[in-house]
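Structure, as structure tokens:
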Amino acid sequence: MAWGVAIGVGAVVLRELVRPREETARLIDWGRVEEIALARCGEPQDLAGDLARDQTYQQIAAELEPLLVEALGPGTAESGSRVYPGLTAVGRRQWVRFNIRIFRQMFEPLEGLQRLIPGSLILSFGQKGLTRYLGLMLGLLARRVLGQYDPALLGREPLETSSLILVEPNVQAWAQKDRLPIDELRRWLAMHEMTHAWEFRAHPWLQAYFEGLLKEVLVGRLGDGRRPSRLELIRTLTIGVGQQWKAISKLQAVMSLLEGYSNLIMNEVGRRELPHFALLEGAYRRRQEQRTPLERAFLRLTGMEMKLRQYVLGERFCRAVRDAGGRQLLARVWEGPEWLPTMAEIQRPDLFIARARSR
């Protein structure tokens with residue numbers, strides 16, 4: 001994703017070398033992104049409404065909440081805050097639209113910048129490439145993603161009636177393929193996504209920190225509302241890229257912690273509460289390890305290989321810290337931005353453990 005954005009924004013610099021057109025610059029054609037993604041998602045029409053299924057998901061969330069409250073604690077949110085949102089089943093097409101709206105609000109700082117710059121032939125070419133890349137990526141991921149939590153980034157409200165979803169066709173397909181108990185699989189996956197909700201909603205500082213890194217990655221220091229000069233563009237997208245890569249490294253560390261912590265909780269609670277936990281865990285490990293060459297190429301191309309690595313590294317970090325100092329030591333990561341582990345500490349938990357014990 002970061003490389004795709006870099007290519008698109010890089011076209012802005014190249015645009016300074018060609019004749020501007022009398023039109024507004026556009027980096028992404030979101031209508032075309034949706035069209036490509038829906039054509040590739042493998043679902044010809046939207047998932048039909050099902051009252052019984054909706055009630056099942058509501059019941060799952062209600063049953064899991066007290067278990068997670070016991071496992072996670074209250075966090076630092078104000079007393080009475082709603083930490084766990086409703087859980088909803090969606091189809092692949094709904095997931096595509098859901099994420100396009102999320103991406104649009106994430107890209108808003110970048111689109112605010114592009115309004116300051118005239119269009120050009122080179123920028124139009126870059127837009128088509130980035131648009132097609134995003135459409136193909138979303139369409140292919142829609143076939144694989146199991147669940148998602150939307151933390152309503154950049155000050156917006158959640159984009160659906162619920163910000164916590166499971167992609168029902170994918171959950172059912174996995175259950176059928178590996179002969180898994182569908183009810184337990186839904187509960188197990190919901191534990192992961194509900195833990196993500198707790199991470200953000202029970203620690204309000206996390207969202208502001210996350211958004212700051214996101215803006216730094218997308219626009220660097222160009223988002224102050226004025227038209228940048230050619231020198232400022234070149235400086236930001238050459239020398240200034242170092243700052244953006246630092247922000248990407250911090251984002252990688254945070255995401256590894258979030259995914260690893262959610263995996264840790266879902267496995268510990270699942271081991272106690274789900275009769276067929278061993279079956280589910282074994283199927284999950286096989287799903288991670290047994291991929292075709294085409295799947296591996298796709299994961300590498302889209303950057304999802306790095307995303308999947310976050311689950312492994314993050315859970316290993318969380319287990320190591322907890323084993324060294326119990327839940328109390330691991331809870332230090334939620335005290336504020338200064339306590340978030342760096343990528344080096346994620347890879348070597350002993351560094352974080354030593355830092356935490358020295359303060």
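Chain labels run A, B, ... following the order of the structure tokens; each chain numbers its residues from 1, and ligands are numbered from 1 in the order shown.
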List every residue of region 128-339 of chain A that DSSP, applied to the backbone of this structure, assigns to strand (DSSP E or B), and report them as a PyMOL selection string. chain A and resi 147-149+164-167
Using 8 Å as the limit and counting only C-alpha atoms, can you tabulate each residue of region 264-339 of chain A that touches region 61-75 of chain A, with its shortest atom-to-atom distance in Å and the two atoms involved, as JSON lines?
```
{"residue": "A:Ile265", "atom": "CA", "partner": "A:Ala71", "partner_atom": "CA", "distance": 7.4}
{"residue": "A:Val269", "atom": "CA", "partner": "A:Leu67", "partner_atom": "CA", "distance": 7.5}
{"residue": "A:Trp334", "atom": "CA", "partner": "A:Gly75", "partner_atom": "CA", "distance": 7.8}
```
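Nearest to Pro85 (chain A) of all the residues A:Phe210, A:Trp174, A:Phe98, A:Phe200 is A:Phe200, counting only C-alpha atoms.
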Please list as a short mmCIF file (atom, residue, chain, number, x, y, z; two decimals) with all heavy atoms, in the first residue's frame every residue within 12 Å of region 323-332 of chain A, counting only C-alpha atoms and excluding residues in the same chain fewer than 6 positions away.
```cif
data_model
loop_
_atom_site.label_atom_id
_atom_site.label_comp_id
_atom_site.auth_asym_id
_atom_site.auth_seq_id
_atom_site.Cartn_x
_atom_site.Cartn_y
_atom_site.Cartn_z
N ALA A 71 -10.70 -11.10 30.83
CA ALA A 71 -9.35 -11.35 30.32
C ALA A 71 -8.56 -10.06 30.09
O ALA A 71 -7.34 -10.04 30.23
CB ALA A 71 -9.43 -12.14 29.02
N LEU A 72 -9.26 -8.98 29.73
CA LEU A 72 -8.58 -7.76 29.30
C LEU A 72 -8.58 -6.64 30.34
O LEU A 72 -7.68 -5.79 30.34
CB LEU A 72 -9.24 -7.23 28.01
CG LEU A 72 -9.08 -8.12 26.78
CD1 LEU A 72 -10.03 -7.67 25.67
CD2 LEU A 72 -7.65 -8.10 26.28
N GLY A 73 -9.60 -6.59 31.19
CA GLY A 73 -9.70 -5.49 32.13
C GLY A 73 -10.32 -4.25 31.51
O GLY A 73 -10.71 -4.26 30.34
N PRO A 74 -10.39 -3.15 32.26
CA PRO A 74 -11.10 -1.96 31.79
C PRO A 74 -10.31 -1.05 30.87
O PRO A 74 -10.88 -0.23 30.16
CB PRO A 74 -11.43 -1.23 33.10
CG PRO A 74 -10.31 -1.61 34.02
CD PRO A 74 -9.94 -3.03 33.66
N GLY A 75 -8.98 -1.14 30.87
CA GLY A 75 -8.19 -0.19 30.09
C GLY A 75 -8.17 1.17 30.75
O GLY A 75 -8.38 1.30 31.96
N THR A 76 -7.96 2.22 29.96
CA THR A 76 -7.86 3.59 30.51
C THR A 76 -9.00 4.49 30.05
O THR A 76 -8.96 5.70 30.26
CB THR A 76 -6.52 4.23 30.09
OG1 THR A 76 -6.44 4.26 28.66
CG2 THR A 76 -5.35 3.43 30.63
N GLU A 199 -8.57 -2.62 22.25
CA GLU A 199 -7.28 -1.95 22.15
C GLU A 199 -7.46 -0.46 21.83
O GLU A 199 -6.79 0.40 22.42
CB GLU A 199 -6.44 -2.63 21.06
CG GLU A 199 -5.95 -4.01 21.46
CD GLU A 199 -5.41 -4.82 20.30
OE1 GLU A 199 -5.67 -4.44 19.13
OE2 GLU A 199 -4.74 -5.83 20.53
N HIS A 203 -8.36 2.59 25.12
CA HIS A 203 -7.13 3.40 25.22
C HIS A 203 -7.22 4.53 24.19
O HIS A 203 -6.63 4.43 23.10
CB HIS A 203 -5.90 2.52 24.96
CG HIS A 203 -5.89 1.26 25.78
ND1 HIS A 203 -6.40 0.07 25.33
CD2 HIS A 203 -5.47 1.03 27.06
CE1 HIS A 203 -6.28 -0.83 26.28
NE2 HIS A 203 -5.73 -0.29 27.34
N LEU A 257 2.04 -5.33 17.40
CA LEU A 257 1.54 -5.44 18.78
C LEU A 257 0.05 -5.70 18.80
O LEU A 257 -0.43 -6.60 19.50
CB LEU A 257 1.85 -4.14 19.54
CG LEU A 257 1.21 -4.04 20.94
CD1 LEU A 257 1.81 -5.09 21.88
CD2 LEU A 257 1.36 -2.63 21.51
N GLY A 260 -0.69 -9.24 17.41
CA GLY A 260 -0.16 -10.26 18.31
C GLY A 260 -0.93 -10.35 19.61
O GLY A 260 -1.20 -11.44 20.11
N TYR A 261 -1.30 -9.20 20.15
CA TYR A 261 -2.06 -9.19 21.41
C TYR A 261 -3.44 -9.81 21.20
O TYR A 261 -3.92 -10.58 22.04
CB TYR A 261 -2.19 -7.75 21.92
CG TYR A 261 -2.61 -7.66 23.38
CD1 TYR A 261 -1.65 -7.66 24.38
CD2 TYR A 261 -3.95 -7.58 23.74
CE1 TYR A 261 -2.02 -7.58 25.72
CE2 TYR A 261 -4.32 -7.50 25.07
CZ TYR A 261 -3.35 -7.50 26.05
OH TYR A 261 -3.72 -7.43 27.38
N LEU A 264 -3.06 -13.50 21.00
CA LEU A 264 -2.79 -14.06 22.32
C LEU A 264 -4.09 -14.24 23.11
O LEU A 264 -4.34 -15.31 23.68
CB LEU A 264 -1.84 -13.14 23.09
CG LEU A 264 -1.47 -13.58 24.50
CD1 LEU A 264 -0.55 -14.79 24.47
CD2 LEU A 264 -0.80 -12.44 25.27
N ILE A 265 -4.94 -13.21 23.10
CA ILE A 265 -6.19 -13.27 23.87
C ILE A 265 -7.16 -14.28 23.25
O ILE A 265 -7.77 -15.08 23.96
CB ILE A 265 -6.84 -11.87 23.93
CG1 ILE A 265 -5.94 -10.91 24.72
CG2 ILE A 265 -8.23 -11.95 24.55
CD1 ILE A 265 -5.68 -11.32 26.15
N GLU A 315 2.56 -11.90 18.36
CA GLU A 315 2.17 -12.87 19.38
C GLU A 315 3.39 -13.39 20.13
O GLU A 315 3.35 -13.57 21.35
CB GLU A 315 1.40 -14.03 18.75
CG GLU A 315 0.85 -15.01 19.78
CD GLU A 315 -0.04 -16.07 19.19
OE1 GLU A 315 -0.26 -16.07 17.96
OE2 GLU A 315 -0.50 -16.93 19.96
N ARG A 316 4.48 -13.60 19.41
CA ARG A 316 5.72 -14.06 20.06
C ARG A 316 6.20 -13.01 21.07
O ARG A 316 6.63 -13.35 22.18
CB ARG A 316 6.78 -14.31 18.99
CG ARG A 316 8.05 -14.98 19.50
CD ARG A 316 9.06 -15.10 18.37
NE ARG A 316 8.49 -15.85 17.25
CZ ARG A 316 8.96 -15.79 16.01
NH1 ARG A 316 9.97 -14.99 15.72
NH2 ARG A 316 8.43 -16.51 15.05
N PHE A 317 6.13 -11.73 20.69
CA PHE A 317 6.53 -10.65 21.60
C PHE A 317 5.66 -10.65 22.85
O PHE A 317 6.16 -10.59 23.98
CB PHE A 317 6.43 -9.31 20.87
CG PHE A 317 6.51 -8.11 21.78
CD1 PHE A 317 7.75 -7.60 22.17
CD2 PHE A 317 5.36 -7.49 22.26
CE1 PHE A 317 7.84 -6.51 23.02
CE2 PHE A 317 5.44 -6.40 23.11
CZ PHE A 317 6.67 -5.91 23.49
N GLU A 338 4.79 6.34 24.64
CA GLU A 338 6.19 6.10 25.00
C GLU A 338 6.46 4.65 25.40
O GLU A 338 7.61 4.21 25.44
CB GLU A 338 6.62 7.04 26.13
CG GLU A 338 5.98 6.77 27.48
CD GLU A 338 4.60 7.38 27.64
OE1 GLU A 338 4.05 7.89 26.65
OE2 GLU A 338 4.07 7.34 28.77
N TRP A 339 5.38 3.91 25.70
CA TRP A 339 5.53 2.52 26.11
C TRP A 339 5.29 1.53 24.97
O TRP A 339 5.42 0.32 25.16
CB TRP A 339 4.61 2.19 27.29
CG TRP A 339 5.15 2.70 28.58
CD1 TRP A 339 4.71 3.77 29.30
CD2 TRP A 339 6.27 2.19 29.29
NE1 TRP A 339 5.47 3.95 30.41
CE2 TRP A 339 6.44 2.99 30.43
CE3 TRP A 339 7.15 1.12 29.07
CZ2 TRP A 339 7.46 2.76 31.35
CZ3 TRP A 339 8.16 0.89 29.98
CH2 TRP A 339 8.32 1.70 31.11
N LEU A 340 4.94 2.03 23.81
CA LEU A 340 4.78 1.12 22.68
C LEU A 340 6.14 0.55 22.27
O LEU A 340 7.13 1.28 22.25
CB LEU A 340 4.16 1.85 21.49
CG LEU A 340 2.68 2.23 21.64
CD1 LEU A 340 2.25 3.12 20.49
CD2 LEU A 340 1.80 0.99 21.71
N PRO A 341 6.21 -0.73 21.96
CA PRO A 341 7.49 -1.30 21.55
C PRO A 341 7.91 -0.80 20.18
O PRO A 341 7.08 -0.52 19.32
CB PRO A 341 7.21 -2.81 21.53
CG PRO A 341 5.74 -2.91 21.28
CD PRO A 341 5.12 -1.73 21.98
N PRO A 349 12.13 -9.25 22.13
CA PRO A 349 11.36 -8.85 23.31
C PRO A 349 12.21 -8.55 24.53
O PRO A 349 11.80 -7.76 25.39
CB PRO A 349 10.45 -10.06 23.55
CG PRO A 349 10.36 -10.74 22.23
CD PRO A 349 11.68 -10.54 21.57
N ASP A 350 13.39 -9.16 24.63
CA ASP A 350 14.26 -8.91 25.80
C ASP A 350 14.64 -7.44 25.90
O ASP A 350 14.86 -6.93 27.02
CB ASP A 350 15.51 -9.79 25.72
CG ASP A 350 16.30 -9.57 24.43
OD1 ASP A 350 15.75 -9.86 23.35
OD2 ASP A 350 17.46 -9.12 24.51
N LEU A 351 14.71 -6.74 24.77
CA LEU A 351 15.03 -5.31 24.80
C LEU A 351 13.92 -4.52 25.47
O LEU A 351 14.17 -3.63 26.29
CB LEU A 351 15.24 -4.79 23.37
CG LEU A 351 16.41 -5.36 22.59
CD1 LEU A 351 16.46 -4.80 21.17
CD2 LEU A 351 17.74 -5.08 23.31
N PHE A 352 12.66 -4.85 25.15
CA PHE A 352 11.53 -4.18 25.80
C PHE A 352 11.47 -4.55 27.28
O PHE A 352 11.21 -3.68 28.13
CB PHE A 352 10.21 -4.55 25.10
CG PHE A 352 9.02 -3.95 25.76
CD1 PHE A 352 8.61 -2.67 25.43
CD2 PHE A 352 8.30 -4.64 26.73
CE1 PHE A 352 7.49 -2.09 26.05
CE2 PHE A 352 7.19 -4.08 27.35
CZ PHE A 352 6.78 -2.80 27.01
N ILE A 353 11.68 -5.80 27.58
CA ILE A 353 11.61 -6.25 28.97
C ILE A 353 12.64 -5.49 29.81
O ILE A 353 12.34 -5.02 30.92
CB ILE A 353 11.85 -7.78 29.05
CG1 ILE A 353 10.68 -8.52 28.40
CG2 ILE A 353 12.02 -8.23 30.50
CD1 ILE A 353 10.96 -9.99 28.13
N ALA A 354 13.85 -5.35 29.29
CA ALA A 354 14.89 -4.61 30.01
C ALA A 354 14.52 -3.14 30.17
O ALA A 354 14.70 -2.55 31.25
CB ALA A 354 16.22 -4.74 29.27
N ARG A 355 13.94 -2.53 29.12
CA ARG A 355 13.53 -1.12 29.22
C ARG A 355 12.42 -0.94 30.24
O ARG A 355 12.45 0.01 31.04
CB ARG A 355 13.06 -0.63 27.84
CG ARG A 355 12.50 0.79 27.84
CD ARG A 355 12.46 1.36 26.44
NE ARG A 355 11.45 0.78 25.59
CZ ARG A 355 10.22 1.27 25.42
NH1 ARG A 355 9.86 2.37 26.09
NH2 ARG A 355 9.37 0.70 24.59
N ALA A 356 11.44 -1.85 30.22
CA ALA A 356 10.30 -1.73 31.14
C ALA A 356 10.74 -1.92 32.58
O ALA A 356 10.21 -1.25 33.49
CB ALA A 356 9.24 -2.74 30.77
N ARG A 357 11.67 -2.80 32.82
CA ARG A 357 12.12 -3.06 34.19
C ARG A 357 13.03 -1.98 34.75
O ARG A 357 13.19 -1.86 35.96
CB ARG A 357 12.83 -4.42 34.24
CG ARG A 357 11.86 -5.61 34.18
CD ARG A 357 12.59 -6.91 34.13
NE ARG A 357 11.67 -8.03 34.33
CZ ARG A 357 11.99 -9.31 34.14
NH1 ARG A 357 13.23 -9.63 33.72
NH2 ARG A 357 11.11 -10.26 34.34
N SER A 358 13.60 -1.20 33.83
CA SER A 358 14.53 -0.14 34.29
C SER A 358 13.82 1.15 34.64
O SER A 358 14.45 2.08 35.14
CB SER A 358 15.58 0.12 33.21
OG SER A 358 15.00 0.71 32.07
N ARG A 359 12.50 1.23 34.39
CA ARG A 359 11.76 2.47 34.64
C ARG A 359 10.63 2.24 35.62
O ARG A 359 10.13 1.15 35.77
CB ARG A 359 11.19 2.99 33.32
CG ARG A 359 12.29 3.41 32.34
CD ARG A 359 11.73 3.77 30.99
NE ARG A 359 10.89 4.95 31.02
CZ ARG A 359 10.29 5.49 29.96
NH1 ARG A 359 10.47 4.94 28.77
NH2 ARG A 359 9.53 6.55 30.07
#
```
For a test of reading the model, state the distance in Å between CA of Ile165 (chain A) and CA of Val90 (chain A), rounded to one decimal.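 Those two atoms sit 6.6 Å apart.
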Residues of region 34-105 of chain A at most 9 Å from region 175-186 of chain A: nearest atom pair and distance in Å, only C-alpha atoms, as a tab-separated table:
```
residue	atom	partner	partner_atom	distance
A:Thr56	CA	A:Asp183	CA	9.0
A:Tyr57	CA	A:Arg186	CA	8.3
A:Ile60	CA	A:Arg186	CA	8.0
```
Would you output that residue set with N, CA, C and O atoms, as a JSON list (two decimals), in the first residue's frame?
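Final output, selection.json:
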```json
[["chain", "number", "residue", "atom", "x", "y", "z"],
["A", 56, "THR", "N", -27.87, -14.55, 15.70],
["A", 56, "THR", "CA", -26.77, -15.41, 16.14],
["A", 56, "THR", "C", -25.53, -14.58, 16.44],
["A", 56, "THR", "O", -24.85, -14.78, 17.46],
["A", 57, "TYR", "N", -25.21, -13.63, 15.57],
["A", 57, "TYR", "CA", -24.04, -12.79, 15.77],
["A", 57, "TYR", "C", -24.20, -11.88, 16.99],
["A", 57, "TYR", "O", -23.25, -11.65, 17.74],
["A", 60, "ILE", "N", -23.53, -14.05, 19.96],
["A", 60, "ILE", "CA", -22.10, -14.32, 20.11],
["A", 60, "ILE", "C", -21.40, -13.17, 20.81],
["A", 60, "ILE", "O", -20.63, -13.37, 21.77]]
```
How many Å separate CA of Met255 (chain A) from CA of Gln207 (chain A)? 12.1 Å
List as a list in words the protein and nucleic acid residues near region 137-149 of chain A, meaning an atom at most 6 Å away when only C-alpha atoms are counted, but skip any in the same chain fewer than 6 places from it. Ala37, Arg40, Cys41, Arg92, Ser163, Leu164, Ile165, Leu166, Val167, Asn170, Val171 and Glu193 of chain A
Writing out the chosen residues with N, CA, C and O atoms as a compact mmCIF listing (two decimals), in the first residue's frame:
```txt
# COMPACT_ATOMS: atom_id res chain seq x y z
N ALA A 37 -12.90 -4.06 -8.02
CA ALA A 37 -12.91 -4.94 -6.84
C ALA A 37 -14.14 -5.83 -6.81
O ALA A 37 -14.05 -7.03 -6.51
N ARG A 40 -13.89 -8.74 -9.10
CA ARG A 40 -12.88 -9.73 -8.76
C ARG A 40 -13.16 -10.46 -7.44
O ARG A 40 -12.43 -11.38 -7.09
N CYS A 41 -14.17 -10.06 -6.71
CA CYS A 41 -14.36 -10.59 -5.35
C CYS A 41 -15.00 -11.97 -5.33
O CYS A 41 -15.06 -12.61 -4.27
N ARG A 92 -18.86 -10.44 0.78
CA ARG A 92 -17.63 -9.91 0.20
C ARG A 92 -17.84 -8.54 -0.44
O ARG A 92 -16.99 -7.65 -0.32
N SER A 163 -19.03 -1.43 13.58
CA SER A 163 -17.65 -1.27 13.11
C SER A 163 -16.87 -2.57 13.28
O SER A 163 -15.67 -2.59 13.09
N LEU A 164 -17.57 -3.66 13.64
CA LEU A 164 -16.91 -4.94 13.87
C LEU A 164 -17.63 -6.00 13.04
O LEU A 164 -18.82 -6.24 13.23
N ILE A 165 -16.90 -6.59 12.10
CA ILE A 165 -17.57 -7.48 11.13
C ILE A 165 -16.82 -8.79 10.96
O ILE A 165 -15.60 -8.87 11.17
N LEU A 166 -17.55 -9.83 10.55
CA LEU A 166 -16.98 -11.06 10.03
C LEU A 166 -17.50 -11.24 8.61
O LEU A 166 -18.67 -10.94 8.34
N VAL A 167 -16.64 -11.70 7.71
CA VAL A 167 -17.03 -11.90 6.31
C VAL A 167 -17.60 -13.32 6.20
O VAL A 167 -16.87 -14.30 6.05
N ASN A 170 -16.61 -16.19 3.62
CA ASN A 170 -15.25 -16.70 3.82
C ASN A 170 -15.17 -17.58 5.06
O ASN A 170 -14.45 -18.58 5.08
N VAL A 171 -15.88 -17.19 6.12
CA VAL A 171 -15.92 -18.00 7.33
C VAL A 171 -16.55 -19.36 7.02
O VAL A 171 -16.04 -20.41 7.41
N GLU A 193 -11.36 -9.90 16.81
CA GLU A 193 -11.82 -8.57 16.40
C GLU A 193 -12.31 -7.75 17.59
O GLU A 193 -12.11 -6.53 17.65
```
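For the set A:Trp245, A:Trp205, A:Phe277, A:Tyr133, the residue with the smallest atom-to-atom gap to Trp188 (chain A) is A:Phe277, counting only C-alpha atoms.
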